[in-house]
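Trainee: run_9.pdb is reproduced in full below (PDB, C-alpha atoms).
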ATOM      1  CA  VAL A  16     -59.200 177.989  58.573
ATOM      2  CA  GLY A  17     -60.083 179.590  55.228
ATOM      3  CA  GLU A  18     -60.008 183.049  56.818
ATOM      4  CA  GLN A  19     -56.573 182.355  58.337
ATOM      5  CA  ILE A  20     -55.240 181.265  54.947
ATOM      6  CA  SER A  21     -56.654 184.405  53.324
ATOM      7  CA  VAL A  22     -54.942 186.625  55.914
ATOM      8  CA  HIS A  23     -51.672 184.778  55.422
ATOM      9  CA  ILE A  24     -51.898 185.198  51.649
ATOM     10  CA  ALA A  25     -52.723 188.906  52.069
ATOM     11  CA  ARG A  26     -49.578 189.334  54.182
ATOM     12  CA  LEU A  27     -47.436 187.547  51.587
ATOM     13  CA  VAL A  28     -48.809 189.688  48.764
ATOM     14  CA  GLY A  29     -48.302 192.830  50.847
ATOM     15  CA  ARG A  30     -44.670 191.892  51.521
ATOM     16  CA  TRP A  31     -44.164 191.140  47.820
ATOM     17  CA  PHE A  32     -45.306 194.665  46.959
ATOM     18  CA  GLY A  33     -43.263 196.230  49.763
ATOM     19  CA  VAL A  34     -46.138 197.286  52.016
ATOM     20  CA  GLN A  35     -44.885 198.100  55.497
ATOM     21  CA  SER A  36     -45.918 195.593  58.173
ATOM     22  CA  GLU A  37     -47.541 198.286  60.307
ATOM     23  CA  THR A  38     -49.708 199.484  57.400
ATOM     24  CA  MET A  39     -50.610 195.916  56.446
ATOM     25  CA  GLU A  40     -51.646 194.905  59.982
ATOM     26  CA  LYS A  41     -53.810 198.014  60.369
ATOM     27  CA  ALA A  42     -55.554 197.249  57.078
ATOM     28  CA  LEU A  43     -56.101 193.600  58.047
ATOM     29  CA  ASN A  44     -57.467 194.587  61.464
ATOM     30  CA  ASP A  45     -59.843 197.120  59.894
ATOM     31  CA  ALA A  46     -61.058 194.709  57.187
ATOM     32  CA  ARG A  47     -64.672 193.575  57.390
ATOM     33  CA  ALA A  48     -66.201 190.478  55.901
ATOM     34  CA  VAL A  49     -68.226 190.960  52.753
ATOM     35  CA  PRO A  50     -71.935 190.726  53.635
ATOM     36  CA  GLY A  51     -73.525 187.538  52.387
ATOM     37  CA  ARG A  52     -70.258 185.599  52.143
ATOM     38  CA  PHE A  53     -70.439 182.906  54.856
ATOM     39  CA  HIS A  54     -70.981 185.582  57.482
ATOM     40  CA  LYS A  55     -71.736 183.998  60.869
ATOM     41  CA  GLU A  56     -73.924 185.904  63.282
ATOM     42  CA  GLU A  57     -75.080 184.583  66.633
ATOM     43  CA  LEU A  58     -78.552 185.983  67.131
ATOM     44  CA  ASN A  59     -80.795 185.518  70.149
ATOM     45  CA  GLY A  60     -81.203 181.763  69.982
ATOM     46  CA  ILE A  61     -79.927 180.861  66.500
ATOM     47  CA  LEU A  62     -76.671 180.932  64.582
ATOM     48  CA  LEU A  63     -77.264 182.568  61.198
ATOM     49  CA  ILE A  64     -74.767 181.769  58.453
ATOM     50  CA  ASP A  65     -75.494 184.257  55.702
ATOM     51  CA  ASP A  66     -73.954 183.055  52.442
ATOM     52  CA  SER A  67     -76.737 184.606  50.397
ATOM     53  CA  PHE A  68     -74.769 186.915  48.123
ATOM     54  CA  ASN A  69     -74.705 184.467  45.224
ATOM     55  CA  ALA A  70     -74.476 180.778  44.361
ATOM     56  CA  ASN A  71     -73.112 178.410  41.772
ATOM     57  CA  PRO A  72     -72.561 174.639  41.995
ATOM     58  CA  ILE A  73     -69.029 174.996  43.401
ATOM     59  CA  SER A  74     -69.890 177.599  46.056
ATOM     60  CA  MET A  75     -73.059 175.710  47.000
ATOM     61  CA  ARG A  76     -71.073 172.495  47.542
ATOM     62  CA  ARG A  77     -68.417 174.342  49.501
ATOM     63  CA  GLY A  78     -70.959 176.102  51.694
ATOM     64  CA  LEU A  79     -72.848 172.903  52.458
ATOM     65  CA  ARG A  80     -69.605 171.111  53.333
ATOM     66  CA  ARG A  81     -68.694 173.957  55.693
ATOM     67  CA  LEU A  82     -72.154 173.730  57.258
ATOM     68  CA  ALA A  83     -71.758 169.970  57.719
ATOM     69  CA  ALA A  84     -68.385 170.508  59.425
ATOM     70  CA  ILE A  85     -69.835 172.775  62.129
ATOM     71  CA  GLN A  86     -70.039 170.892  65.407
ATOM     72  CA  LYS A  87     -73.726 170.616  66.204
ATOM     73  CA  THR A  88     -73.628 169.997  69.952
ATOM     74  CA  GLY A  89     -77.334 169.188  69.848
ATOM     75  CA  ARG A  90     -78.236 171.971  67.421
ATOM     76  CA  ARG A  91     -80.302 171.313  64.301
ATOM     77  CA  ARG A  92     -78.779 172.444  61.016
ATOM     78  CA  VAL A  93     -81.198 174.120  58.593
ATOM     79  CA  ALA A  94     -80.232 174.832  54.977
ATOM     80  CA  ILE A  95     -82.374 177.493  53.304
ATOM     81  CA  LEU A  96     -81.379 177.186  49.662
ATOM     82  CA  GLY A  97     -82.449 179.345  46.778
ATOM     83  CA  TRP A  98     -82.052 178.186  43.213
ATOM     84  CA  MET A  99     -78.822 178.803  41.284
ATOM     85  CA  GLY A 100     -79.174 180.997  38.222
ATOM     86  CA  GLU A 101     -77.391 181.221  34.891
ATOM     87  CA  LEU A 102     -76.425 177.549  34.640
ATOM     88  CA  GLY A 103     -77.591 176.966  31.094
ATOM     89  CA  SER A 104     -78.729 173.588  29.794
ATOM     90  CA  ASP A 105     -77.169 171.699  32.731
ATOM     91  CA  ALA A 106     -79.201 173.591  35.357
ATOM     92  CA  ASP A 107     -81.405 170.604  36.258
ATOM     93  CA  ARG A 108     -78.402 168.333  36.750
ATOM     94  CA  PHE A 109     -76.535 170.875  38.902
ATOM     95  CA  HIS A 110     -79.557 171.366  41.149
ATOM     96  CA  ARG A 111     -80.143 167.607  41.497
ATOM     97  CA  GLU A 112     -76.486 167.096  42.466
ATOM     98  CA  ILE A 113     -76.949 169.448  45.426
ATOM     99  CA  ALA A 114     -79.817 167.393  46.908
ATOM    100  CA  PRO A 115     -77.721 164.680  48.632
ATOM    101  CA  LEU A 116     -75.169 167.229  49.871
ATOM    102  CA  ALA A 117     -77.939 169.334  51.389
ATOM    103  CA  ARG A 118     -79.465 166.270  53.027
ATOM    104  CA  ASP A 119     -76.089 165.262  54.516
ATOM    105  CA  ALA A 120     -75.394 168.789  55.804
ATOM    106  CA  ALA A 121     -78.773 169.667  57.284
ATOM    107  CA  GLY A 122     -81.589 168.101  59.232
ATOM    108  CA  LEU A 123     -84.062 170.394  57.474
ATOM    109  CA  VAL A 124     -83.739 171.558  53.863
ATOM    110  CA  VAL A 125     -85.826 174.509  52.665
ATOM    111  CA  GLY A 126     -85.977 175.306  48.950
ATOM    112  CA  ILE A 127     -86.851 178.645  47.373
ATOM    113  CA  GLY A 128     -87.733 179.050  43.706
ATOM    114  CA  GLU A 129     -88.884 176.618  41.036
ATOM    115  CA  MET A 130     -85.466 175.049  40.395
ATOM    116  CA  ALA A 131     -84.993 174.561  44.150
ATOM    117  CA  ARG A 132     -87.604 171.809  44.014
ATOM    118  CA  LEU A 133     -84.777 169.704  42.574
ATOM    119  CA  TYR A 134     -82.975 169.901  45.946
ATOM    120  CA  GLU A 135     -85.773 167.631  47.214
ATOM    121  CA  PRO A 136     -86.458 170.004  50.118
ATOM    122  CA  ASP A 137     -88.516 169.199  53.190
ATOM    123  CA  VAL A 138     -90.268 172.544  52.702
ATOM    124  CA  TRP A 139     -90.514 174.557  49.474
ATOM    125  CA  PHE A 140     -91.524 178.156  48.755
ATOM    126  CA  PRO A 141     -91.991 179.929  45.435
ATOM    127  CA  SER A 142     -90.196 183.061  46.707
ATOM    128  CA  SER A 143     -88.031 184.435  49.496
ATOM    129  CA  VAL A 144     -90.887 186.667  50.617
ATOM    130  CA  GLU A 145     -93.146 183.620  51.077
ATOM    131  CA  CYS A 146     -90.379 181.815  52.959
ATOM    132  CA  ALA A 147     -89.768 184.832  55.210
ATOM    133  CA  LYS A 148     -93.453 184.845  56.212
ATOM    134  CA  SER A 149     -93.156 181.242  57.467
ATOM    135  CA  LEU A 150     -89.814 181.375  59.265
ATOM    136  CA  GLY A 151     -91.462 181.598  62.683
ATOM    137  CA  ASP A 152     -93.031 178.198  62.043
ATOM    138  CA  ILE A 153     -89.878 176.599  60.621
ATOM    139  CA  ILE A 154     -86.932 177.829  62.671
ATOM    140  CA  ARG A 155     -86.472 176.794  66.300
ATOM    141  CA  ILE A 156     -84.360 178.260  69.074
ATOM    142  CA  GLY A 157     -80.933 176.610  68.895
ATOM    143  CA  ASP A 158     -80.910 176.098  65.113
ATOM    144  CA  ILE A 159     -77.914 176.724  62.907
ATOM    145  CA  VAL A 160     -79.418 178.374  59.820
ATOM    146  CA  PHE A 161     -77.448 178.450  56.552
ATOM    147  CA  VAL A 162     -78.859 180.698  53.802
ATOM    148  CA  LYS A 163     -77.514 180.413  50.228
ATOM    149  CA  GLY A 164     -78.749 181.001  46.695
ATOM    150  CA  SER A 165     -78.384 183.171  43.628
ATOM    151  CA  HIS A 166     -78.621 186.903  44.181
ATOM    152  CA  SER A 167     -81.781 187.055  42.072
ATOM    153  CA  VAL A 168     -83.612 184.897  44.635
ATOM    154  CA  GLU A 169     -83.460 187.934  46.952
ATOM    155  CA  LEU A 170     -82.593 185.967  50.065
ATOM    156  CA  HIS A 171     -82.030 189.229  51.941
ATOM    157  CA  ALA A 172     -85.773 189.000  52.691
ATOM    158  CA  VAL A 173     -85.067 185.772  54.585
ATOM    159  CA  THR A 174     -81.974 187.010  56.440
ATOM    160  CA  ARG A 175     -83.695 190.298  57.335
ATOM    161  CA  GLU A 176     -86.685 188.421  58.780
ATOM    162  CA  LEU A 177     -84.450 186.033  60.738
ATOM    163  CA  LYS A 178     -82.670 189.031  62.277
ATOM    164  CA  ARG A 179     -86.012 190.618  63.125
ATOM    165  CA  LEU A 180     -87.406 187.439  64.695
ATOM    166  CA  TYR A 181     -84.271 186.633  66.685
ATOM    167  CA  ALA A 182     -83.036 190.132  67.554
ATOM    168  CA  ASP A 183     -81.550 190.574  70.997
TER
END
As structure tokens, how would this structure be written, given the file I've shared?

Mentor:
Amino acid sequence: VGEQISVHIARLVGRWFGVQSETMEKALNDARAVPGRFHKEELNGILLIDDSFNANPISMRRGLRRLAAIQKTGRRRVAILGWMGELGSDADRFHREIAPLARDAAGLVVGIGEMARLYEPDVWFPSSVECAKSLGDIIRIGDIVFVKGSHSVELHAVTRELKRLYAD
């Protein structure tokens, strides 16, 4: 739904600026999603939702709500959540507020980084590299895996390993 709204808004803006419909439609058809922004990829046995580009309390809430809204049809939801950076003196509170949302959205919550302990995860790792090493023991065929956290957590190590493990 969000993508449809974005396309509609892009068309309205294009019309406002006098862009020809043919040019606009070609541009919209050629557009690619930004990597790490709720990018869904069906791998061999899992659905990876890569929202790892960055995170703040609003985007974390939104992402977890979107994860919760995905129809499971017997699939386990896994939230791999890195800490959120640059939150100042309220950082503890913001991380604690995510804990119940993560629990509602996912059957398994994985935390990465010291502040991610405040998510009350089922499994915790000090770094993305350590998490990536254990993914074979954590993720099961059929899982829906949501990956989100601040860019500095370097969650690309996790998404890269998931793609390697579940490549076609």

Trainee: Skip region 132-141 of chain A itself and residues of its chain fewer than 5 positions away, then list as a ChimeraX atom specification all residues within 10 Å of it, counting all atoms listed in the file.

Mentor: /A:94-98,106-118,122-127,146-147,149,153,168

Trainee: Mind checking which residues fall within 6 Å of region 68-76 of chain A, counting only C-alpha atoms, ignoring those fewer than 6 positions away in the same chain, and posting them as a ChimeraX atom specification?

Mentor: /A:51,99,164-166

Trainee: Nearest to Arg26 (chain A) among A:Ala42, A:Ile159, A:Leu177, A:Met130, with distances taken over all atoms listed in the file: which residue is it?

Mentor: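 For Arg26 (chain A), the nearest of the candidates is A:Ala42.
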
Trainee: What is the distance between CA of Ala120 (chain A) and CA of Arg81 (chain A), in Å to one decimal?

Mentor: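 Value for the CA of Ala120 (chain A)-CA of Arg81 (chain A) distance: 8.5 Å.
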
Trainee: Within 9 Å of Gly78 (chain A), counting only C-alpha atoms, which residues show up once you throw out same-chain ones fewer than 4 positions away? Write them as a count of residues only, please.

Mentor: 8

Trainee: Between CA of Ile154 (chain A) and CA of His171 (chain A), what is the spacing in Å?

Mentor: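 Spanning CA of His171 (chain A) to CA of Ile154 (chain A) is a straight-line distance of 16.4 Å.
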
Trainee: Please measure the separation of CA of His54 (chain A) and CA of Gln86 (chain A), giving the value in Å to one decimal.

Mentor: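 Separating CA of His54 (chain A) from CA of Gln86 (chain A) is a distance of 16.7 Å.
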
Trainee: What would region 170-181 of chain A look like with all heavy atoms restored, written as a tab-separated table (two decimals), in the frame of the given file?

Mentor:
chain	number	residue	atom	x	y	z
A	170	LEU	N	-82.60	186.58	48.74
A	170	LEU	CA	-82.59	185.97	50.06
A	170	LEU	C	-82.42	186.96	51.20
A	170	LEU	O	-82.59	186.61	52.37
A	170	LEU	CB	-81.51	184.89	50.13
A	170	LEU	CG	-81.81	183.65	49.30
A	170	LEU	CD1	-80.58	182.77	49.17
A	170	LEU	CD2	-82.96	182.87	49.91
A	171	HIS	N	-82.10	188.21	50.88
A	171	HIS	CA	-82.03	189.23	51.94
A	171	HIS	C	-83.36	189.35	52.68
A	171	HIS	O	-83.40	189.69	53.85
A	171	HIS	CB	-81.58	190.59	51.38
A	171	HIS	CG	-82.49	191.13	50.33
A	171	HIS	ND1	-82.35	190.79	49.00
A	171	HIS	CD2	-83.56	191.96	50.40
A	171	HIS	CE1	-83.29	191.40	48.30
A	171	HIS	NE2	-84.03	192.10	49.13
A	172	ALA	N	-84.47	189.00	52.02
A	172	ALA	CA	-85.77	189.00	52.69
A	172	ALA	C	-85.79	187.96	53.81
A	172	ALA	O	-86.35	188.20	54.89
A	172	ALA	CB	-86.90	188.72	51.69
A	173	VAL	N	-85.13	186.84	53.58
A	173	VAL	CA	-85.07	185.77	54.58
A	173	VAL	C	-84.13	186.17	55.72
A	173	VAL	O	-84.49	186.06	56.90
A	173	VAL	CB	-84.60	184.44	53.94
A	173	VAL	CG1	-84.33	183.38	54.98
A	173	VAL	CG2	-85.64	183.96	52.93
A	174	THR	N	-82.93	186.65	55.38
A	174	THR	CA	-81.97	187.01	56.44
A	174	THR	C	-82.50	188.18	57.26
A	174	THR	O	-82.34	188.20	58.48
A	174	THR	CB	-80.58	187.32	55.86
A	174	THR	OG1	-80.67	188.37	54.91
A	174	THR	CG2	-79.98	186.08	55.22
A	175	ARG	N	-83.13	189.14	56.62
A	175	ARG	CA	-83.70	190.30	57.34
A	175	ARG	C	-84.77	189.83	58.33
A	175	ARG	O	-84.81	190.27	59.48
A	175	ARG	CB	-84.27	191.30	56.34
A	175	ARG	CG	-84.78	192.58	56.97
A	175	ARG	CD	-85.21	193.65	55.97
A	175	ARG	NE	-86.00	193.13	54.87
A	175	ARG	CZ	-85.64	193.19	53.59
A	175	ARG	NH1	-84.51	193.76	53.23
A	175	ARG	NH2	-86.41	192.69	52.65
A	176	GLU	N	-85.63	188.91	57.90
A	176	GLU	CA	-86.68	188.42	58.78
A	176	GLU	C	-86.12	187.59	59.93
A	176	GLU	O	-86.60	187.68	61.06
A	176	GLU	CB	-87.72	187.62	57.99
A	176	GLU	CG	-88.89	187.13	58.82
A	176	GLU	CD	-89.75	188.23	59.43
A	176	GLU	OE1	-89.56	189.43	59.12
A	176	GLU	OE2	-90.63	187.88	60.25
A	177	LEU	N	-85.10	186.79	59.67
A	177	LEU	CA	-84.45	186.03	60.74
A	177	LEU	C	-83.87	186.99	61.79
A	177	LEU	O	-84.02	186.76	62.99
A	177	LEU	CB	-83.37	185.13	60.19
A	177	LEU	CG	-83.84	183.88	59.46
A	177	LEU	CD1	-82.70	183.22	58.72
A	177	LEU	CD2	-84.48	182.90	60.45
A	178	LYS	N	-83.23	188.05	61.33
A	178	LYS	CA	-82.67	189.03	62.28
A	178	LYS	C	-83.77	189.73	63.06
A	178	LYS	O	-83.60	190.02	64.24
A	178	LYS	CB	-81.81	190.04	61.51
A	178	LYS	CG	-80.53	189.43	61.00
A	178	LYS	CD	-79.74	190.41	60.17
A	178	LYS	CE	-78.50	189.74	59.59
A	178	LYS	NZ	-77.69	190.68	58.81
A	179	ARG	N	-84.90	189.99	62.42
A	179	ARG	CA	-86.01	190.62	63.12
A	179	ARG	C	-86.60	189.68	64.18
A	179	ARG	O	-86.83	190.05	65.31
A	179	ARG	CB	-87.10	191.03	62.14
A	179	ARG	CG	-88.20	191.90	62.79
A	179	ARG	CD	-89.38	192.10	61.87
A	179	ARG	NE	-90.19	190.90	61.68
A	179	ARG	CZ	-91.02	190.38	62.59
A	179	ARG	NH1	-91.15	190.95	63.78
A	179	ARG	NH2	-91.72	189.29	62.33
A	180	LEU	N	-86.81	188.41	63.79
A	180	LEU	CA	-87.41	187.44	64.69
A	180	LEU	C	-86.51	187.11	65.89
A	180	LEU	O	-86.99	186.85	66.99
A	180	LEU	CB	-87.72	186.14	63.94
A	180	LEU	CG	-88.90	186.17	62.98
A	180	LEU	CD1	-88.94	184.90	62.15
A	180	LEU	CD2	-90.21	186.36	63.73
A	181	TYR	N	-85.19	187.08	65.65
A	181	TYR	CA	-84.27	186.63	66.68
A	181	TYR	C	-83.34	187.74	67.16
A	181	TYR	O	-82.23	187.48	67.61
A	181	TYR	CB	-83.49	185.42	66.18
A	181	TYR	CG	-84.41	184.26	65.92
A	181	TYR	CD1	-84.90	184.02	64.64
A	181	TYR	CD2	-84.85	183.45	66.96
A	181	TYR	CE1	-85.79	182.99	64.40
A	181	TYR	CE2	-85.74	182.42	66.73
A	181	TYR	CZ	-86.21	182.19	65.44
A	181	TYR	OH	-87.10	181.18	65.23
